[in-house]
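For reference, my_file_31.cif (mmCIF, C-alpha atoms and all ligand atoms):
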data_target
loop_
_atom_site.label_atom_id
_atom_site.label_comp_id
_atom_site.auth_asym_id
_atom_site.auth_seq_id
_atom_site.Cartn_x
_atom_site.Cartn_y
_atom_site.Cartn_z
CA MET A 1 130.88 95.75 53.79
CA ILE A 2 131.10 97.83 50.60
CA ILE A 3 127.78 99.07 49.26
CA LEU A 4 127.36 100.95 45.99
CA ILE A 5 124.31 103.16 45.62
CA TRP A 6 123.21 104.97 42.48
CA ALA A 7 120.29 105.84 40.20
CA MET A 8 120.43 105.11 36.47
CA ASP A 9 118.10 105.23 33.51
CA THR A 10 117.44 102.31 31.15
CA ASN A 11 120.62 103.22 29.22
CA PHE A 12 122.87 103.22 32.37
CA LEU A 13 122.96 107.06 32.30
CA ILE A 14 123.91 108.59 35.69
CA GLY A 15 125.14 112.14 35.07
CA LYS A 16 125.02 115.30 33.00
CA ASP A 17 127.78 117.96 33.25
CA ASN A 18 128.67 116.96 36.83
CA LYS A 19 125.03 117.03 37.93
CA LEU A 20 122.18 114.54 37.98
CA PRO A 21 120.30 114.50 34.64
CA TRP A 22 116.93 114.40 36.43
CA ARG A 23 115.11 115.36 39.59
CA TYR A 24 113.06 112.61 41.23
CA LYS A 25 112.03 113.80 44.69
CA GLU A 26 111.24 110.25 45.74
CA ASP A 27 114.75 109.06 44.87
CA LEU A 28 116.45 112.01 46.59
CA LYS A 29 114.41 111.20 49.72
CA TYR A 30 115.30 107.49 49.49
CA PHE A 31 118.99 108.26 48.94
CA LYS A 32 119.09 110.69 51.87
CA ALA A 33 117.30 108.27 54.22
CA THR A 34 119.60 105.40 53.22
CA VAL A 35 122.94 107.15 53.68
CA GLU A 36 122.11 109.73 56.37
CA ASN A 37 124.75 109.59 59.12
CA LYS A 38 126.46 106.67 57.36
CA THR A 39 130.08 106.46 56.27
CA VAL A 40 130.26 107.45 52.60
CA LEU A 41 132.94 107.42 49.93
CA MET A 42 132.84 109.50 46.76
CA GLY A 43 135.08 111.03 44.10
CA ASP A 44 136.07 114.66 44.31
CA MET A 45 133.82 115.56 41.35
CA THR A 46 130.74 114.16 43.08
CA TYR A 47 131.79 115.88 46.31
CA LEU A 48 131.95 119.24 44.51
CA SER A 49 128.60 118.52 42.86
CA LEU A 50 126.98 117.77 46.25
CA LYS A 51 128.54 120.87 47.81
CA GLY A 52 126.84 122.81 45.01
CA TYR A 53 123.45 121.42 46.08
CA TYR A 54 124.00 121.91 49.82
CA LYS A 55 125.75 125.31 49.54
CA ASP A 56 126.87 126.28 53.08
CA LYS A 57 124.90 123.52 54.84
CA PRO A 58 126.88 120.51 56.09
CA LEU A 59 126.44 117.29 54.11
CA PRO A 60 124.11 114.95 56.06
CA TYR A 61 126.50 111.99 56.23
CA GLY A 62 128.64 110.50 58.97
CA LYS A 63 132.28 110.06 58.08
CA ILE A 64 133.09 111.30 54.57
CA TYR A 65 135.88 109.84 52.44
CA VAL A 66 136.73 111.66 49.21
CA ALA A 67 138.89 109.95 46.59
CA SER A 68 141.39 112.31 45.01
CA LYS A 69 144.90 111.84 43.69
CA ASN A 70 145.30 115.59 43.26
CA ASN A 71 147.39 117.13 46.05
CA ASP A 72 145.57 120.45 45.65
CA PHE A 73 142.28 118.99 46.90
CA LYS A 74 142.00 119.92 50.58
CA ASP A 75 138.93 120.03 52.83
CA SER A 76 138.99 119.76 56.61
CA ASN A 77 135.52 118.12 56.69
CA VAL A 78 136.61 115.00 54.83
CA THR A 79 139.26 112.28 54.83
CA ILE A 80 141.06 112.16 51.50
CA ILE A 81 141.83 108.78 49.95
CA ASP A 82 144.60 108.81 47.36
CA ASN A 83 145.02 105.04 47.01
CA LEU A 84 141.47 103.93 46.43
CA GLU A 85 142.15 100.28 45.54
CA TYR A 86 144.29 99.78 48.66
CA PHE A 87 141.64 101.44 50.82
CA LEU A 88 138.78 99.34 49.43
CA LYS A 89 140.78 96.13 49.78
CA ASN A 90 141.70 96.75 53.40
CA THR A 91 138.85 98.63 55.05
CA LYS A 92 136.73 96.84 57.65
CA GLU A 93 134.10 99.61 57.76
CA ASP A 94 130.60 99.57 56.30
CA ILE A 95 130.90 102.09 53.50
CA TYR A 96 128.36 103.47 51.06
CA VAL A 97 130.03 104.37 47.77
CA ILE A 98 127.98 107.24 46.35
CA GLY A 99 129.74 107.94 43.05
CA GLY A 100 130.56 109.06 40.53
CA ARG A 101 131.38 107.02 37.46
CA THR A 102 135.14 106.72 38.05
CA ILE A 103 134.75 105.70 41.66
CA TYR A 104 131.94 103.19 40.91
CA GLN A 105 134.19 101.59 38.30
CA VAL A 106 137.05 101.08 40.77
CA ALA A 107 134.76 100.02 43.64
CA LEU A 108 132.47 97.60 41.77
CA PRO A 109 134.76 94.51 42.17
CA TYR A 110 134.74 95.08 45.95
CA ALA A 111 130.97 95.60 46.26
CA ASP A 112 128.97 93.26 48.47
CA ARG A 113 125.67 95.03 47.83
CA LEU A 114 124.23 97.31 45.18
CA TYR A 115 121.38 99.73 45.85
CA ILE A 116 120.14 100.63 42.38
CA THR A 117 117.28 102.97 41.60
CA HIS A 118 116.18 101.99 38.11
CA ILE A 119 114.61 104.91 36.26
CA LEU A 120 112.18 103.43 33.78
CA LYS A 121 112.90 105.76 30.87
CA ARG A 122 115.72 107.48 28.93
CA HIS A 123 117.17 110.89 29.83
CA GLU A 124 119.72 113.22 28.24
CA GLY A 125 123.24 113.31 29.67
CA ASN A 126 126.88 112.36 29.18
CA ILE A 127 128.04 110.17 32.10
CA TYR A 128 127.17 106.48 32.18
CA PHE A 129 127.58 103.75 34.79
CA PRO A 130 130.25 101.32 33.55
CA LYS A 131 128.70 98.28 31.85
CA PHE A 132 128.74 95.21 34.10
CA ASP A 133 126.99 91.88 34.53
CA LEU A 134 124.05 92.25 36.90
CA ASN A 135 123.61 88.45 36.77
CA GLN A 136 126.49 88.20 39.28
CA TYR A 137 124.04 89.61 41.83
CA LYS A 138 120.73 88.39 43.24
CA VAL A 139 117.84 90.69 44.08
CA ILE A 140 117.11 90.79 47.80
CA GLN A 141 114.63 93.65 47.79
CA LYS A 142 112.52 95.36 45.13
CA ARG A 143 109.98 98.17 45.47
CA TYR A 144 108.06 99.59 42.53
CA SER A 145 106.81 103.14 42.22
CA ALA A 146 105.30 104.89 39.19
CA GLU A 147 108.57 105.77 37.41
CA LEU A 148 111.21 104.02 39.50
CA ILE A 149 112.23 100.63 40.88
CA PHE A 150 114.19 100.69 44.13
CA SER A 151 116.29 97.49 44.13
CA ILE A 152 118.86 95.99 46.43
CA TYR A 153 121.20 93.31 45.07
CA GLU A 154 123.65 91.03 46.84
CA LYS A 155 126.70 89.41 45.24
CA LYS A 156 126.12 85.70 44.48
CA ASP A 157 128.56 83.27 46.18
N1 LIG B 1 123.04 108.94 39.27
C1 LIG B 1 123.71 108.78 40.39
O1 LIG B 1 123.29 108.02 41.27
C2 LIG B 1 124.99 109.51 40.60
C3 LIG B 1 125.68 109.38 41.81
C4 LIG B 1 126.89 110.07 41.97
C5 LIG B 1 127.39 110.85 40.95
N2 LIG B 1 126.69 110.94 39.80
C6 LIG B 1 127.19 111.76 38.69
O2 LIG B 1 128.49 111.28 38.29
C7 LIG B 1 129.20 112.37 37.72
C8 LIG B 1 130.59 112.44 38.36
O3 LIG B 1 131.34 111.28 38.02
P1 LIG B 1 132.90 111.40 37.63
O4 LIG B 1 133.37 110.05 37.23
O5 LIG B 1 133.04 112.52 36.69
O6 LIG B 1 133.59 111.90 38.99
P2 LIG B 1 133.85 111.19 40.43
O7 LIG B 1 133.87 109.70 40.30
O8 LIG B 1 132.93 111.80 41.43
O9 LIG B 1 135.30 111.74 40.77
C9 LIG B 1 136.39 111.42 39.93
C10 LIG B 1 137.67 111.82 40.66
O10 LIG B 1 138.06 110.83 41.58
C11 LIG B 1 139.47 110.84 41.70
N3 LIG B 1 139.97 109.49 41.45
C12 LIG B 1 139.79 108.74 40.36
N4 LIG B 1 140.39 107.54 40.48
C13 LIG B 1 140.97 107.55 41.71
C14 LIG B 1 141.74 106.61 42.42
N5 LIG B 1 142.04 105.40 41.89
N6 LIG B 1 142.17 106.92 43.66
C15 LIG B 1 141.87 108.12 44.19
N7 LIG B 1 141.13 109.06 43.55
C16 LIG B 1 140.69 108.78 42.33
C17 LIG B 1 140.01 111.79 40.67
O11 LIG B 1 140.27 113.01 41.35
P3 LIG B 1 141.65 113.85 41.20
O12 LIG B 1 141.62 114.41 39.83
O13 LIG B 1 141.54 114.88 42.30
O14 LIG B 1 142.75 112.89 41.41
C18 LIG B 1 138.84 111.97 39.72
O15 LIG B 1 138.82 113.25 39.14
C19 LIG B 1 128.34 113.62 37.97
O16 LIG B 1 127.58 113.93 36.82
C20 LIG B 1 127.40 113.21 39.08
O17 LIG B 1 126.19 113.94 39.09
C21 LIG B 1 125.51 110.28 39.60
#
Let's see the structure in the file written out as structure tokens.
Ligand SMILES: NC(=O)c1ccc[n+]([C@@H]2O[C@H](COP(=O)([O-])OP(=O)(O)OC[C@H]3O[C@@H](n4cnc5c(N)ncnc54)[C@H](OP(=O)(O)O)[C@@H]3O)[C@@H](O)[C@H]2O)c1
Amino acid sequence: MIILIWAMDTNFLIGKDNKLPWRYKEDLKYFKATVENKTVLMGDMTYLSLKGYYKDKPLPYGKIYVASKNNDFKDSNVTIIDNLEYFLKNTKEDIYVIGGRTIYQVALPYADRLYITHILKRHEGNIYFPKFDLNQYKVIQKRYSAELIFSIYEKKD
């Protein structure tokens, strides 16, 4: 199963200069609890961004796939995916796709579930989730907090 997980504001904003445009402790906690020890897939930009947050500490995931077509990207802690479409089409694993924009765009057609944290206001930034039709998905879980909605969607048949 392919699961996409991200947080976005009301304008679909997800990033600012290769970082998150905000800091919501509750969302960081939710994200960590959801993907801890799970198999994750991300782009090399998001990987570098996360390494910046974790510094020398290991990332708290299980198997890590990093999408990169650049032969210079090497890291012994991860499995590099250079043909992302082929990988997504053929994998039988449960994989959490954790960003960023480019990787979400390629992975969205393969997604069975979406974990979206809706941030109920506008922030400043420069990277947006690609526009798509959320009506193709049905809500299977929704939890409200003061500034956020934690939603899980499943693809309609
Ligand atoms: N709000 C959220 O929930 C959230 C979550 C994650 C990330 N973000 C934000 O998103 C931003 C990063 O997004 P981004 O789009 O710039 O970077 P990204 O998706 O993390 O990585 C893009 C890289 O993926 C590789 N790639 C692209 N297409 C590929 C393909 N078809 N096959 C294999 N590899 C491929 C390329 O690497 P090569 O150049 O090496 O080929 C490309 O540079 C940051 O601001 C980050 O903070 C937000």
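We find atom O17 of ligand LIG 1 (chain B) and atom CA of A:Lys142 to be spaced 23.8 Å apart.
Interatomic distance, atom O12 of ligand LIG 1 (chain B) against atom CA of A:Val78: 15.8 Å.
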Give me the stretch 6-56 of chain A side of the contact with stretch 89-101 of chain A, cut-off 7 Å, one line per residue showing its nearest atom pair and distance in Å at one decimal, counting all atoms listed in the file, sorted by chain and residue number, as a tab-separated table.
residue	atom	partner	partner_atom	distance
A:Trp6	CA	A:Ile98	CA	6.5
A:Thr39	CA	A:Ile95	CA	5.2
A:Val40	CA	A:Tyr96	CA	4.7
A:Leu41	CA	A:Val97	CA	4.7
A:Met42	CA	A:Gly99	CA	5.1
A:Gly43	CA	A:Gly100	CA	6.1
A:Thr46	CA	A:Gly100	CA	5.7
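Using all atoms listed in the file for every distance, the candidate list A:Tyr153, A:Trp22, A:Tyr110, A:Phe132 yields A:Trp22 as the residue closest to ligand LIG 1 (chain B).
With distances taken over all atoms listed in the file, A:Asn126 is the one residue among A:Asn126, A:Thr79, A:Asn37, A:Asn11 lying closest to ligand LIG 1 (chain B).
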Which residues of chain A come within 6 Å of ligand LIG 1 (chain B), and what is each one's closest atom pair and distance in Å (one decimal), counting all atoms listed in the file, sorted by chain and residue number, as CSV?
residue,atom,partner,partner_atom,distance
A:Trp6,CA,B:LIG1,O1,3.3
A:Ala7,CA,B:LIG1,O1,3.9
A:Met8,CA,B:LIG1,N1,5.4
A:Ile14,CA,B:LIG1,N1,3.7
A:Gly15,CA,B:LIG1,O16,3.5
A:Lys16,CA,B:LIG1,O16,4.8
A:Asp17,CA,B:LIG1,O16,5.4
A:Asn18,CA,B:LIG1,O16,3.2
A:Lys19,CA,B:LIG1,O17,3.5
A:Leu20,CA,B:LIG1,O17,4.2
A:Met42,CA,B:LIG1,O8,5.8
A:Gly43,CA,B:LIG1,O9,3.4
A:Asp44,CA,B:LIG1,O9,4.7
A:Met45,CA,B:LIG1,O8,3.9
A:Thr46,CA,B:LIG1,O8,3.6
A:Ala67,CA,B:LIG1,N7,3.9
A:Ser68,CA,B:LIG1,N7,3.6
A:Lys69,CA,B:LIG1,O14,3.3
A:Asn70,CA,B:LIG1,O13,3.9
A:Ile81,CA,B:LIG1,C15,5.8
A:Asp82,CA,B:LIG1,C15,4.2
A:Asn83,CA,B:LIG1,N6,4.8
A:Leu84,CA,B:LIG1,N6,4.1
A:Ile98,CA,B:LIG1,C4,5.3
A:Gly99,CA,B:LIG1,C4,3.7
A:Gly100,CA,B:LIG1,O7,3.4
A:Arg101,CA,B:LIG1,O4,3.6
A:Thr102,CA,B:LIG1,O4,3.9
A:Ile103,CA,B:LIG1,O7,4.3
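Interatomic distance, atom CA of A:Gly125 against atom CA of A:Leu13: 6.8 Å.
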Original post:
Which of these residues is nearest to A:Arg143, using all atoms listed in the file: A:Tyr47, A:Tyr115, A:Phe87, A:Tyr53?
Top reply: A:Tyr115
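Closest approach to A:Glu124 among A:Lys38, A:Leu4, A:Asp9, A:Lys138 is made by A:Asp9 (distances from all atoms listed in the file).
Of the listed residues A:His123, A:Lys25, A:Lys156, A:Lys55, the one whose atoms come nearest to A:Phe12 is A:His123, with distances taken using all atoms listed in the file.
Look at A:Ala146: the protein and nucleic acid residues within 12 Å of it, using only C-alpha atoms and passing over chain neighbours fewer than 3 places away, are Tyr24, Glu26, Asp27, His118, Ile119, Leu120, Lys121, Arg143, Ile149 and Phe150 of chain A.
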To test the calculation: enclose all listed atoms of stretch 54-63 of chain A in a box whose edges run along x, y and z, add 5 Å on each side, then state centre and edge lengths in Å to one decimal, as AutoDock Vina command-line options.
--center_x 128.1 --center_y 118.2 --center_z 54.3 --size_x 18.3 --size_y 26.2 --size_z 19.4
Could you please fill out stretch 13-24 of chain A with N, CA, C and O atoms and send it back as a JSON list (two decimals), in the frame of the given file?
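Result file is rebuild31.json:
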[["chain", "number", "residue", "atom", "x", "y", "z"],
["A", 13, "LEU", "N", 122.57, 105.66, 32.11],
["A", 13, "LEU", "CA", 122.96, 107.06, 32.30],
["A", 13, "LEU", "C", 122.90, 107.42, 33.78],
["A", 13, "LEU", "O", 121.92, 107.08, 34.47],
["A", 14, "ILE", "N", 123.94, 108.15, 34.28],
["A", 14, "ILE", "CA", 123.91, 108.59, 35.69],
["A", 14, "ILE", "C", 124.20, 110.08, 35.88],
["A", 14, "ILE", "O", 123.97, 110.62, 36.95],
["A", 15, "GLY", "N", 124.76, 110.76, 34.84],
["A", 15, "GLY", "CA", 125.14, 112.14, 35.07],
["A", 15, "GLY", "C", 125.08, 113.01, 33.84],
["A", 15, "GLY", "O", 125.05, 112.52, 32.70],
["A", 16, "LYS", "N", 125.00, 114.32, 34.09],
["A", 16, "LYS", "CA", 125.02, 115.30, 33.00],
["A", 16, "LYS", "C", 125.80, 116.52, 33.49],
["A", 16, "LYS", "O", 125.35, 117.18, 34.44],
["A", 17, "ASP", "N", 126.97, 116.79, 32.89],
["A", 17, "ASP", "CA", 127.78, 117.96, 33.25],
["A", 17, "ASP", "C", 127.99, 118.10, 34.76],
["A", 17, "ASP", "O", 127.74, 119.15, 35.35],
["A", 18, "ASN", "N", 128.41, 117.02, 35.38],
["A", 18, "ASN", "CA", 128.67, 116.96, 36.83],
["A", 18, "ASN", "C", 127.46, 117.24, 37.71],
["A", 18, "ASN", "O", 127.57, 117.69, 38.85],
["A", 19, "LYS", "N", 126.28, 116.94, 37.14],
["A", 19, "LYS", "CA", 125.03, 117.03, 37.93],
["A", 19, "LYS", "C", 124.21, 115.79, 37.63],
["A", 19, "LYS", "O", 124.56, 115.00, 36.73],
["A", 20, "LEU", "N", 123.11, 115.62, 38.34],
["A", 20, "LEU", "CA", 122.18, 114.54, 37.98],
["A", 20, "LEU", "C", 121.37, 115.01, 36.77],
["A", 20, "LEU", "O", 121.00, 116.17, 36.68],
["A", 21, "PRO", "N", 121.06, 114.09, 35.83],
["A", 21, "PRO", "CA", 120.30, 114.50, 34.64],
["A", 21, "PRO", "C", 118.80, 114.68, 34.91],
["A", 21, "PRO", "O", 118.05, 115.01, 34.02],
["A", 22, "TRP", "N", 118.36, 114.41, 36.11],
["A", 22, "TRP", "CA", 116.93, 114.40, 36.43],
["A", 22, "TRP", "C", 116.72, 114.91, 37.84],
["A", 22, "TRP", "O", 117.67, 115.14, 38.58],
["A", 23, "ARG", "N", 115.44, 115.03, 38.21],
["A", 23, "ARG", "CA", 115.11, 115.36, 39.59],
["A", 23, "ARG", "C", 113.89, 114.53, 39.99],
["A", 23, "ARG", "O", 112.77, 114.84, 39.60],
["A", 24, "TYR", "N", 114.14, 113.45, 40.70],
["A", 24, "TYR", "CA", 113.06, 112.61, 41.23],
["A", 24, "TYR", "C", 113.07, 112.77, 42.75],
["A", 24, "TYR", "O", 113.94, 112.22, 43.42]]
